[in-house]
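The next block is final-v4.cif, given as mmCIF, C-alpha atoms.
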```
data_data
loop_
_atom_site.label_atom_id
_atom_site.label_comp_id
_atom_site.auth_asym_id
_atom_site.auth_seq_id
_atom_site.Cartn_x
_atom_site.Cartn_y
_atom_site.Cartn_z
CA MET A 1222 -70.54 -0.13 -37.49
CA TYR A 1223 -68.21 -2.61 -39.26
CA TYR A 1224 -69.02 -6.26 -40.10
CA ARG A 1225 -67.21 -9.27 -41.71
CA PHE A 1226 -68.00 -12.99 -42.36
CA ILE A 1227 -65.65 -15.87 -41.18
CA VAL A 1228 -65.72 -19.48 -42.60
CA ALA A 1229 -63.76 -22.34 -40.83
CA THR A 1230 -63.91 -26.09 -40.18
CA PRO A 1231 -65.14 -27.16 -36.74
CA GLY A 1232 -62.63 -26.29 -34.03
CA ASN A 1233 -60.57 -24.05 -36.25
CA ILE A 1234 -62.45 -20.77 -35.97
CA ASP A 1235 -59.54 -19.18 -34.09
CA ASP A 1236 -56.80 -20.59 -36.35
CA TYR A 1237 -55.80 -17.81 -38.68
CA TYR A 1238 -54.39 -20.26 -41.24
CA LYS A 1239 -57.38 -22.59 -41.29
CA ARG A 1240 -60.20 -20.07 -41.80
CA SER A 1241 -61.39 -17.64 -44.49
CA MET A 1242 -62.73 -14.09 -43.92
CA SER A 1243 -64.90 -11.82 -46.09
CA ARG A 1244 -64.07 -8.19 -46.67
CA VAL A 1245 -65.12 -5.68 -43.99
CA VAL A 1246 -68.55 -4.12 -44.52
CA HIS A 1247 -69.29 -0.64 -43.10
CA LEU A 1248 -73.02 -0.26 -42.26
CA THR A 1249 -74.41 3.25 -41.50
CA VAL A 1250 -77.69 3.50 -39.55
CA ASN A 1251 -79.32 6.94 -40.02
CA PRO A 1252 -81.59 8.47 -37.35
CA ALA A 1253 -85.35 8.11 -37.93
CA PHE A 1254 -86.63 10.52 -40.58
CA THR A 1255 -89.36 12.94 -39.38
CA PRO A 1256 -90.97 15.60 -41.62
CA GLY A 1257 -91.06 19.24 -40.56
CA SER A 1258 -94.11 21.33 -39.69
CA VAL A 1259 -95.88 24.25 -41.44
CA SER A 1260 -97.80 27.25 -40.09
CA GLY A 1261 -99.13 30.63 -41.22
CA THR A 1262 -102.22 32.78 -41.71
CA ASP A 1263 -105.51 30.92 -41.16
CA THR A 1264 -108.06 33.38 -42.64
CA VAL A 1265 -108.04 35.86 -45.54
CA CYS A 1266 -110.55 37.92 -47.52
CA PRO A 1267 -111.45 36.84 -51.08
CA GLY A 1268 -108.83 37.84 -53.65
CA VAL A 1269 -106.14 38.56 -51.04
CA ILE A 1270 -102.64 37.02 -51.07
CA PRO A 1271 -102.05 35.30 -47.70
CA ASP A 1272 -98.91 35.80 -45.66
CA PRO A 1273 -96.20 33.18 -46.28
CA ILE A 1274 -96.63 29.66 -44.92
CA TYR A 1275 -93.46 28.96 -42.98
CA GLY A 1276 -91.96 25.49 -42.67
CA THR A 1277 -89.44 23.93 -40.31
CA LEU A 1278 -86.66 21.56 -41.33
CA PRO A 1279 -87.18 17.79 -41.20
CA THR A 1280 -85.04 15.78 -38.83
CA GLY A 1281 -83.19 12.51 -39.17
CA GLY A 1282 -82.37 10.62 -42.35
CA SER A 1283 -79.36 11.58 -44.39
CA GLY A 1284 -79.74 15.31 -43.69
CA VAL A 1285 -80.20 16.10 -47.40
CA TYR A 1286 -83.83 17.01 -48.13
CA THR A 1287 -86.04 18.16 -51.00
CA TYR A 1288 -89.54 19.65 -50.78
CA GLN A 1289 -92.76 19.77 -52.78
CA TRP A 1290 -95.80 21.82 -51.71
CA GLN A 1291 -99.31 20.55 -52.42
CA GLN A 1292 -102.82 22.00 -52.14
CA ARG A 1293 -106.44 20.91 -52.28
CA THR A 1294 -109.84 22.62 -52.06
CA ASP A 1295 -111.87 19.43 -51.57
CA ASP A 1296 -111.64 16.45 -49.24
CA LEU A 1297 -109.76 14.11 -51.59
CA ASN A 1298 -107.44 15.39 -54.28
CA TRP A 1299 -104.01 16.80 -53.51
CA THR A 1300 -102.11 18.40 -56.39
CA ASN A 1301 -98.50 19.50 -56.66
CA ILE A 1302 -97.97 23.27 -56.89
CA PRO A 1303 -95.58 23.96 -59.79
CA GLY A 1304 -92.35 25.59 -58.67
CA ALA A 1305 -93.23 25.34 -54.96
CA THR A 1306 -90.12 23.45 -53.85
CA GLY A 1307 -88.76 25.61 -51.05
CA ILE A 1308 -88.92 25.22 -47.31
CA ASN A 1309 -91.49 28.08 -47.17
CA PHE A 1310 -94.33 28.96 -49.57
CA ILE A 1311 -96.37 32.06 -50.52
CA PRO A 1312 -99.78 31.12 -52.00
CA ASP A 1313 -101.41 33.12 -54.79
CA ALA A 1314 -104.51 35.21 -54.07
CA LEU A 1315 -107.25 32.87 -52.87
CA GLU A 1316 -110.91 32.81 -53.85
CA ALA A 1317 -111.77 29.58 -52.02
CA SER A 1318 -110.74 28.02 -48.73
CA THR A 1319 -107.69 25.79 -49.32
CA TYR A 1320 -105.57 23.15 -47.56
CA PHE A 1321 -101.78 23.15 -47.97
CA ARG A 1322 -99.06 20.65 -47.01
CA ARG A 1323 -95.41 19.97 -47.81
CA ILE A 1324 -93.93 16.65 -48.92
CA ASP A 1325 -90.47 16.24 -47.40
CA THR A 1326 -88.19 13.73 -49.15
CA ASP A 1327 -84.93 12.14 -47.98
CA PRO A 1328 -82.97 10.24 -50.71
CA ILE A 1329 -82.41 7.28 -48.36
CA CYS A 1330 -85.41 7.23 -46.05
CA GLY A 1331 -88.12 8.21 -48.54
CA SER A 1332 -90.93 10.79 -48.26
CA ALA A 1333 -93.35 11.96 -45.60
CA GLU A 1334 -95.89 14.77 -45.49
CA THR A 1335 -96.30 17.53 -42.93
CA ASP A 1336 -99.58 18.22 -41.16
CA ASN A 1337 -102.17 20.10 -43.23
CA HIS A 1338 -102.43 23.89 -42.99
CA PHE A 1339 -105.92 25.29 -43.70
CA ILE A 1340 -106.53 28.86 -44.92
CA GLU A 1341 -110.18 29.89 -44.77
CA VAL A 1342 -111.43 32.46 -47.27
CA ARG A 1343 -114.10 34.46 -45.51
CA ALA A 1344 -117.48 34.34 -47.23
CA LYS A 1345 -120.24 36.94 -47.02
CA PRO A 1346 -122.24 36.31 -43.83
CA VAL A 1347 -125.45 34.34 -44.31
CA ILE A 1348 -128.13 34.79 -41.65
CA THR A 1349 -129.34 31.42 -40.38
CA ILE A 1350 -131.60 32.61 -37.54
CA GLN A 1351 -133.75 35.67 -38.21
CA PRO A 1352 -135.33 38.00 -35.60
CA LEU A 1353 -139.04 37.22 -35.27
CA ASP A 1354 -142.18 39.35 -35.01
CA GLU A 1355 -143.86 39.59 -31.62
CA TYR A 1356 -147.19 41.24 -30.89
CA CYS A 1357 -148.94 42.48 -27.76
CA LEU A 1358 -145.95 42.05 -25.50
CA GLU A 1359 -146.10 43.15 -21.88
CA LYS A 1360 -142.38 43.44 -21.15
CA SER A 1361 -139.02 43.64 -22.92
CA HIS A 1362 -138.29 41.13 -25.68
CA LEU A 1363 -134.96 39.52 -26.64
CA LEU A 1364 -134.19 39.72 -30.37
CA THR A 1365 -131.67 37.18 -31.65
CA VAL A 1366 -129.80 36.68 -34.91
CA ALA A 1367 -127.26 34.07 -36.00
CA ALA A 1368 -125.06 34.07 -39.10
CA THR A 1369 -122.31 32.05 -40.73
CA GLY A 1370 -118.70 33.19 -40.49
CA LYS A 1371 -116.13 34.21 -37.88
CA TYR A 1372 -115.30 37.52 -36.21
CA LEU A 1373 -118.67 39.02 -37.16
CA SER A 1374 -119.91 42.48 -36.19
CA TYR A 1375 -123.53 43.45 -35.52
CA GLN A 1376 -125.48 46.70 -35.58
CA TRP A 1377 -129.16 46.83 -34.65
CA TYR A 1378 -131.62 49.42 -35.96
CA HIS A 1379 -134.99 50.60 -34.66
CA ASN A 1380 -137.30 52.24 -37.20
CA ASP A 1381 -134.32 52.75 -39.53
CA ARG A 1382 -132.30 54.50 -36.82
CA MET A 1383 -129.05 53.05 -35.55
CA ILE A 1384 -129.27 51.96 -31.91
CA ILE A 1385 -126.12 53.20 -30.22
CA GLY A 1386 -124.30 50.39 -28.41
CA ALA A 1387 -126.49 47.61 -29.89
CA THR A 1388 -123.58 45.67 -31.41
CA LYS A 1389 -124.16 42.09 -30.24
CA SER A 1390 -125.99 39.19 -31.84
CA MET A 1391 -128.79 39.78 -29.33
CA TYR A 1392 -130.71 42.93 -28.42
CA ILE A 1393 -133.41 43.59 -25.83
CA ALA A 1394 -136.25 45.53 -27.50
CA THR A 1395 -138.28 47.77 -25.20
CA GLN A 1396 -140.22 49.86 -27.72
CA THR A 1397 -142.85 49.23 -30.35
CA GLY A 1398 -141.51 49.47 -33.87
CA GLU A 1399 -139.54 47.79 -36.64
CA TYR A 1400 -136.17 46.22 -35.87
CA TYR A 1401 -133.43 44.73 -38.01
CA VAL A 1402 -129.71 44.05 -37.74
CA ILE A 1403 -126.83 44.40 -40.21
CA VAL A 1404 -124.16 41.70 -39.89
CA SER A 1405 -120.67 42.32 -41.29
CA ASN A 1406 -117.36 40.48 -41.42
CA PRO A 1407 -113.79 41.87 -41.28
CA CYS A 1408 -113.68 41.95 -45.11
CA GLY A 1409 -116.47 44.53 -45.21
CA ASP A 1410 -119.16 42.17 -46.52
CA THR A 1411 -122.57 42.88 -45.00
CA THR A 1412 -126.00 41.31 -44.94
CA LYS A 1413 -129.26 42.65 -43.54
CA SER A 1414 -131.75 40.61 -41.54
CA ARG A 1415 -135.47 40.62 -42.16
CA ILE A 1416 -137.39 43.49 -40.59
CA CYS A 1417 -139.33 42.29 -37.59
CA GLU A 1418 -142.18 44.11 -35.93
CA ILE A 1419 -142.40 44.40 -32.16
CA ASN A 1420 -145.59 45.63 -30.53
CA TYR A 1421 -146.33 46.23 -26.87
CA CYS A 1422 -149.90 46.13 -25.68
CA GLY A 1423 -149.03 48.94 -23.27
CA GLU A 1424 -148.67 51.30 -26.23
CA THR A 1425 -152.46 51.66 -26.23
CA ASP A 1426 -152.35 52.92 -22.65
CA LEU A 1427 -153.06 56.64 -22.60
CA GLU A 1428 -150.45 57.10 -19.88
CA ILE A 1429 -147.60 56.08 -22.23
CA GLN A 1430 -146.32 59.15 -24.07
CA ARG A 1431 -143.68 59.90 -26.70
CA ALA A 1432 -141.60 63.07 -26.96
CA VAL A 1433 -141.87 64.98 -30.26
CA VAL A 1434 -139.54 67.87 -31.21
CA ILE A 1435 -139.56 70.11 -34.30
CA LEU A 1436 -136.05 71.11 -35.34
CA PRO A 1437 -135.29 74.80 -36.06
CA SER A 1438 -135.79 75.94 -39.66
CA GLN A 1439 -136.61 79.07 -41.67
CA TYR A 1440 -140.27 78.49 -40.83
CA ILE A 1441 -142.35 79.52 -37.83
CA THR A 1442 -144.13 76.61 -36.17
CA ASN A 1443 -146.68 76.02 -33.49
CA PRO A 1444 -145.51 74.37 -31.25
CA LEU A 1445 -142.25 76.29 -31.51
CA ALA A 1446 -139.01 74.66 -32.63
CA ASN A 1447 -137.07 72.78 -29.93
CA MET A 1448 -140.18 72.65 -27.72
CA VAL A 1449 -140.85 69.12 -26.48
CA THR A 1450 -144.44 67.95 -26.92
CA TYR A 1451 -145.58 64.67 -25.38
CA VAL A 1452 -148.03 62.61 -27.43
CA ARG A 1453 -150.06 59.77 -26.00
CA GLY A 1454 -149.52 56.33 -27.53
CA HIS A 1455 -151.16 55.83 -30.94
CA LYS A 1456 -152.48 59.41 -31.03
CA ASP A 1457 -151.91 61.90 -33.84
CA PHE A 1458 -149.54 64.84 -33.52
CA ALA A 1459 -150.54 68.00 -35.43
CA PHE A 1460 -148.60 71.22 -35.78
CA THR A 1461 -148.88 74.39 -37.86
CA ILE A 1462 -146.21 75.81 -40.18
CA MET A 1463 -146.33 79.52 -41.01
CA ALA A 1464 -144.13 80.92 -43.77
CA ASP A 1465 -141.92 83.93 -43.40
CA PRO A 1466 -142.66 86.46 -46.19
CA ALA A 1467 -139.40 85.48 -47.87
CA TYR A 1468 -140.35 81.80 -48.16
CA SER A 1469 -143.08 79.71 -49.74
CA LEU A 1470 -144.86 76.64 -48.37
CA GLU A 1471 -145.57 75.28 -51.84
CA ASN A 1472 -143.00 72.47 -51.57
CA ILE A 1473 -142.75 72.05 -47.80
CA VAL A 1474 -141.78 68.56 -46.60
CA ALA A 1475 -141.76 67.28 -43.02
CA THR A 1476 -139.68 64.18 -42.29
CA THR A 1477 -138.95 62.08 -39.20
CA GLY A 1478 -136.29 59.73 -40.57
CA ILE A 1479 -138.64 56.81 -39.88
CA GLU A 1480 -139.95 55.27 -43.08
CA ARG A 1481 -143.40 54.21 -41.88
CA TYR A 1482 -144.18 57.83 -40.96
CA ASP A 1483 -142.42 59.53 -43.87
CA LYS A 1484 -143.87 57.21 -46.50
CA GLU A 1485 -147.57 57.42 -45.66
CA GLY A 1486 -148.05 58.66 -42.12
CA ILE A 1487 -147.75 62.44 -42.68
CA LYS A 1488 -150.71 64.51 -43.93
CA TYR A 1489 -150.74 68.16 -45.10
CA ASN A 1490 -153.73 70.52 -44.90
CA TYR A 1491 -153.09 73.92 -46.52
CA ILE A 1492 -155.10 76.59 -44.71
CA ALA A 1493 -153.79 79.49 -46.78
CA ASN A 1494 -150.79 80.39 -48.92
CA ASP A 1495 -148.76 81.12 -45.80
CA SER A 1496 -149.79 78.33 -43.42
CA VAL A 1497 -150.27 74.56 -43.42
CA VAL A 1498 -151.27 72.05 -40.74
CA VAL A 1499 -149.11 68.91 -40.69
CA THR A 1500 -150.44 65.77 -38.99
CA ILE A 1501 -148.30 62.77 -38.08
CA ARG A 1502 -150.53 59.75 -37.63
CA GLN A 1503 -150.51 57.32 -34.67
CA VAL A 1504 -147.29 58.25 -32.90
CA THR A 1505 -145.57 55.35 -31.11
CA ASP A 1506 -141.97 56.59 -31.24
CA VAL A 1507 -139.86 59.46 -30.03
CA LEU A 1508 -139.81 61.79 -33.06
CA THR A 1509 -137.52 64.54 -34.32
CA ILE A 1510 -139.16 66.46 -37.17
CA THR A 1511 -137.15 68.17 -39.91
CA LEU A 1512 -138.72 70.76 -42.24
CA SER A 1513 -137.32 71.41 -45.70
CA ASP A 1514 -138.29 73.05 -48.98
CA THR A 1515 -137.78 70.38 -51.67
CA PRO A 1516 -139.02 71.41 -55.10
CA PRO A 1517 -138.75 68.70 -57.77
CA THR A 1518 -136.14 70.78 -59.69
CA VAL A 1519 -134.63 74.24 -59.65
CA ASN A 1520 -133.86 74.49 -63.36
CA GLU A 1521 -136.92 74.00 -65.50
CA GLN A 1522 -134.95 74.48 -68.73
CA ILE A 1523 -132.57 71.52 -68.39
CA ASP A 1524 -134.01 69.25 -65.71
CA HIS A 1525 -135.60 66.94 -68.30
CA LEU A 1526 -132.08 66.06 -69.50
CA TYR A 1527 -131.08 64.86 -66.01
CA LYS A 1528 -133.06 61.68 -65.40
CA VAL A 1529 -133.08 59.83 -62.07
CA TRP A 1530 -135.20 56.82 -61.16
CA SER A 1531 -135.07 53.78 -58.87
CA TYR A 1532 -135.77 50.08 -59.19
CA ASN A 1533 -135.17 47.17 -56.83
CA GLU A 1534 -132.96 49.09 -54.36
CA ARG A 1535 -130.81 50.72 -57.06
CA LEU A 1536 -130.59 54.32 -58.28
CA TYR A 1537 -130.33 54.89 -62.02
CA PHE A 1538 -128.99 58.04 -63.69
CA ASN A 1539 -129.01 59.26 -67.28
CA ILE A 1540 -127.29 62.63 -67.68
CA PRO A 1541 -126.01 64.62 -70.69
CA GLN A 1542 -122.57 65.43 -69.29
CA PRO A 1543 -120.27 64.42 -66.40
CA ALA A 1544 -121.48 65.71 -63.05
CA LYS A 1545 -121.02 65.23 -59.33
CA VAL A 1546 -124.07 64.17 -57.35
CA TRP A 1547 -124.73 64.12 -53.60
CA ILE A 1548 -127.31 61.76 -52.05
CA TYR A 1549 -128.96 62.81 -48.79
CA THR A 1550 -131.54 61.18 -46.57
CA LEU A 1551 -134.56 63.32 -45.85
CA THR A 1552 -133.14 64.03 -42.40
CA GLY A 1553 -130.25 65.83 -44.10
CA ALA A 1554 -127.61 63.13 -43.49
CA LEU A 1555 -125.18 62.56 -46.38
CA TYR A 1556 -125.69 59.00 -47.67
CA GLY A 1557 -122.94 59.23 -50.31
CA ASN A 1558 -121.64 61.02 -53.40
CA ARG A 1559 -120.45 60.03 -56.85
CA ASN A 1560 -118.65 61.56 -59.83
CA LEU A 1561 -120.96 60.44 -62.63
CA PRO A 1562 -119.94 59.98 -66.26
CA ALA A 1563 -122.15 61.20 -69.06
CA GLY A 1564 -124.80 58.68 -70.06
CA ASP A 1565 -126.13 55.81 -67.94
CA TYR A 1566 -124.98 54.90 -64.42
CA SER A 1567 -126.47 52.88 -61.55
CA MET A 1568 -125.60 52.22 -57.92
CA PRO A 1569 -127.09 50.19 -55.03
CA VAL A 1570 -128.86 52.01 -52.16
CA ASN A 1571 -130.90 50.93 -49.18
CA SER A 1572 -134.67 51.36 -49.23
CA GLY A 1573 -135.87 54.79 -48.17
CA PHE A 1574 -136.43 58.36 -49.32
CA TYR A 1575 -133.55 60.41 -50.69
CA MET A 1576 -132.75 63.88 -51.97
CA ILE A 1577 -130.56 63.77 -55.09
CA VAL A 1578 -128.53 66.99 -55.59
CA PHE A 1579 -126.43 67.65 -58.72
CA ASP A 1580 -123.54 70.08 -58.77
CA ASN A 1581 -125.51 72.36 -61.14
CA GLY A 1582 -128.29 72.77 -58.56
CA ILE A 1583 -130.81 70.27 -59.93
CA ARG A 1584 -132.53 68.30 -57.16
CA TYR A 1585 -134.86 65.34 -57.05
CA LYS A 1586 -136.73 63.68 -54.20
CA ILE A 1587 -136.93 59.95 -54.87
CA SER A 1588 -138.24 56.82 -53.16
CA VAL A 1589 -136.24 53.57 -53.26
CA THR A 1590 -138.05 50.31 -52.52
CA PRO A 1591 -137.33 46.59 -52.97
CA GLN A 1592 -138.72 44.93 -56.07
#
```
Output the file's structure in the form of structure tokens.
Amino acid sequence: MYYRFIVATPGNIDDYYKRSMSRVVHLTVNPAFTPGSVSGTDTVCPGVIPDPIYGTLPTGGSGVYTYQWQQRTDDLNWTNIPGATGINFIPDALEASTYFRRIDTDPICGSAETDNHFIEVRAKPVITIQPLDEYCLEKSHLLTVAATGKYLSYQWYHNDRMIIGATKSMYIATQTGEYYVIVSNPCGDTTKSRICEINYCGETDLEIQRAVVILPSQYITNPLANMVTYVRGHKDFAFTIMADPAYSLENIVATTGIERYDKEGIKYNYIANDSVVVTIRQVTDVLTITLSDTPPTVNEQIDHLYKVWSYNERLYFNIPQPAKVWIYTLTGALYGNRNLPAGDYSMPVNSGFYMIVFDNGIRYKISVTPQ
């Protein structure tokens, strides 16, 4: 729009010769200035570079804009990010949850900030509600766990065995035994709940029975392998192992894969060199029994140079030369393997019993417990 100022005596405003006029002023009125918006990834794992944060153009003002990105990890202090002056922005790898925003500036209308964009760095899950012990129950019991974090996964275990399909934060327990759950997030971080004990009074009823099966092996057993034997609740299960002439019973080990049996609930009574009676005490679970011959070592000349021990849920190795080692549970499942350097090495493992097998044939049976 154009404006000018006219000065005249009264009655002469229209007389061109009796008035004075200022120069014409051109006044430009810009549209209202509005900052743009920003959006992008909202969660990342620790140490990961997020996807770009994309911004839209501001509107209004002179149409000539500059930008400055800012960040903060607390509730108060915004700081400029050096060199972050484009319409979009790619953050560095994040270790902590962070807020981002962009300051849009118009040379005539001033500055305004976009809305905040929050990127959460996922933390290791922390269990806030633990499953609780219950004793002398008469019907099924609902186990519940709660943990911090988003998009969590759950896996319940009964007597150290994974329960197929039990992948929710709640599980209905129908059997006596020890239960726990492992909670994990999409970054692969895991945490284990406390072990809770569930006991049903009905387990003392002689009518409640558990199936027990001995897996096939090089040994002859009575009952025979693959034969199902039903054991009344809280009663012992005894069976006899007889050695083939080609084998020895000197280092025989029976395992169930359930720690409370394998650790102290299995007794051996050697009748002769070629037979032994194995007793599993107070059966309250369905059991699958594995038989194996597990001597402490197979090389008496060099085994003292290969040292293996455990402490506080870690395995420790001291070996004279590089070697590959396989770690098995006593049920024969592969827990993991490592290429070990010469000297000292340690690694975390869950509590339990393991067979350590080196690539030169040396073997150890070892127990891992919490501190």
Name the residues within 12 Å of (-108.9, 35.1, -58.1), counting all atoms listed in the file in the file's coordinates, and put them as a PDB file with C-alpha atoms, in the frame of the given file.
```pdb
ATOM      1  CA  CYS A1266    -110.550  37.920 -47.520  1.00  0.00           C
ATOM      2  CA  PRO A1267    -111.450  36.840 -51.080  1.00  0.00           C
ATOM      3  CA  GLY A1268    -108.830  37.840 -53.650  1.00  0.00           C
ATOM      4  CA  VAL A1269    -106.140  38.560 -51.040  1.00  0.00           C
ATOM      5  CA  ILE A1270    -102.640  37.020 -51.070  1.00  0.00           C
ATOM      6  CA  PRO A1312     -99.780  31.120 -52.000  1.00  0.00           C
ATOM      7  CA  ASP A1313    -101.410  33.120 -54.790  1.00  0.00           C
ATOM      8  CA  ALA A1314    -104.510  35.210 -54.070  1.00  0.00           C
ATOM      9  CA  LEU A1315    -107.250  32.870 -52.870  1.00  0.00           C
ATOM     10  CA  GLU A1316    -110.910  32.810 -53.850  1.00  0.00           C
ATOM     11  CA  ALA A1317    -111.770  29.580 -52.020  1.00  0.00           C
ATOM     12  CA  SER A1318    -110.740  28.020 -48.730  1.00  0.00           C
ATOM     13  CA  VAL A1342    -111.430  32.460 -47.270  1.00  0.00           C
TER      14      VAL A1342
END
```
Query - Pick from A:Asn1251, A:Asp1495, A:Val1507, A:Pro1273 nearest to Arg1431 (chain A), counting all atoms listed in the file - result: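 Among the listed residues, the smallest separation from Arg1431 (chain A) belongs to A:Val1507.
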Query raised in the report: What gap, in Å, lies between CA of Glu1334 (chain A) and CA of Asp1296 (chain A)?
Result: 16.3 Å
Report task. Carefully work through the PyMOL selection byres ((chain A and resi 1310) around 7) for this structure and note down the residues it includes, as an NGL selection string. Result -> :A and (1273-1275 or 1305 or 1307-1309 or 1311-1312)
Would you put the residues from that selection into a file with C-alpha atoms, as a JSON list (two decimals), in the coordinates of the input?
```
[["chain", "number", "residue", "atom", "x", "y", "z"],
["A", 1273, "PRO", "CA", -96.20, 33.18, -46.28],
["A", 1274, "ILE", "CA", -96.63, 29.66, -44.92],
["A", 1275, "TYR", "CA", -93.46, 28.96, -42.98],
["A", 1305, "ALA", "CA", -93.23, 25.34, -54.96],
["A", 1307, "GLY", "CA", -88.76, 25.61, -51.05],
["A", 1308, "ILE", "CA", -88.92, 25.22, -47.31],
["A", 1309, "ASN", "CA", -91.49, 28.08, -47.17],
["A", 1311, "ILE", "CA", -96.37, 32.06, -50.52],
["A", 1312, "PRO", "CA", -99.78, 31.12, -52.00]]
```
Using only C-alpha atoms, tabulate the residues of region 1571-1590 of chain A lying at most 12 Å from any atom of region 1380-1384 of chain A, each with its closest atom pair and that distance in Å to one decimal, by chain and increasing residue number, as a tab-separated table.
```
residue	atom	partner	partner_atom	distance
A:Asn1571	CA	A:Asp1381	CA	10.4
A:Ser1572	CA	A:Asp1381	CA	9.8
A:Gly1573	CA	A:Asp1381	CA	9.0
A:Phe1574	CA	A:Asp1381	CA	11.5
```
Query - Long-range neighbours of region 1367-1369 of chain A as number ranges by chain, 10 Å cut-off, all atoms listed in the file, 5 positions minimum in chain - result: A: 1343-1352, 1390-1391, 1404-1406, 1412, 1414
**Report entry** Resolved residues for the PyMOL selection byres ((chain A and resi 1303) around 9) as a list in words
**Finding:**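 Applied to this file, the PyMOL selection byres ((chain A and resi 1303) around 9) returns Gln1289, Trp1290, Gln1291, Asn1301, Ile1302, Gly1304, Ala1305 and Thr1306 of chain A.
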Query raised in the report: Residues at most 7 Å from Glu1341 (chain A), counting all atoms listed in the file, excluding those fewer than 6 positions away in the same chain, as a list in words?
Result: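 What passes the distance filter is Asp1263, Thr1264, Val1265, Ser1318 and Thr1319 of chain A.
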**Report entry** Proximity to Ile1548 (chain A) - best of A:Arg1535, A:Phe1339, A:Phe1579, A:Pro1569, all atoms listed in the file
**Finding:**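 Smallest separation from Ile1548 (chain A) among the options: A:Phe1579.
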Query raised in the report: Looking at A:Asp1295, A:His1338, A:Lys1528, A:Cys1417, which one is nearest to Thr1365 (chain A), with distances taken over only C-alpha atoms?
Result: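 Of A:Asp1295, A:His1338, A:Lys1528, A:Cys1417, the one nearest Thr1365 (chain A) is A:Cys1417, counting only C-alpha atoms.
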Report task. Tell me which of A:Gly1486, A:Pro1279, A:Pro1437, A:Pro1562 sits closest to Asp1457 (chain A), counting only C-alpha atoms. Result -> A:Gly1486
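Evaluated against this file, the PyMOL selection byres ((chain A and resi 1566) around 12) yields Tyr1527, Lys1528, Val1529, Trp1530, Ser1531, Arg1535, Leu1536, Tyr1537, Phe1538, Asn1539, Ile1540, Pro1541, Gln1542, Pro1543, Ala1544, Val1546, Arg1559, Asn1560, Leu1561, Pro1562, Ala1563, Gly1564, Asp1565, Ser1567, Met1568 and Pro1569 of chain A.
Near Ala1253 (chain A), within 9 Å and counting all atoms listed in the file, sit Thr1280, Gly1281, Gly1282 and Cys1330 of chain A; same-chain residues fewer than 4 positions away were not included.
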Report task. Tell me, in Å to one decimal, how far CA of Asn1443 (chain A) is from CA of Ala1459 (chain A). Result ->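 Calculated distance between CA of Asn1443 (chain A) and CA of Ala1459 (chain A) is 9.1 Å.
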May I have the centre and edge lengths, in Å to one decimal, of an axis-aligned box around the listed atoms of region 1482-1500 of chain A with 4 Å added to every side, as AutoDock Vina command-line options?
```
--center_x -148.8 --center_y 69.2 --center_z -44.0 --size_x 20.7 --size_y 31.9 --size_z 17.9
```
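Across the structure, CA of Gly1478 (chain A) and CA of Tyr1375 (chain A) are spaced 21.3 Å apart.
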Requested in this report: Identify which of the residues A:Ser1260, A:Ala1394, A:Ile1403, A:Asp1354 lies closest to Trp1377 (chain A), counting only C-alpha atoms when measuring atom-to-atom distances.
Outcome: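 Of A:Ser1260, A:Ala1394, A:Ile1403, A:Asp1354, the one nearest Trp1377 (chain A), counting only C-alpha atoms, is A:Ile1403.
You can rank A:Ile1441, A:Ile1473, A:Val1504, A:Leu1555 by their closest distance to Asn1490 (chain A) using only C-alpha atoms, and at the top of that list sits A:Ile1473.
All protein, DNA and RNA residues at most 7 Å from (-97.9, 18.2, -36.5) are Ser1258, Thr1335 and Asp1336 of chain A, using all atoms listed in the file.
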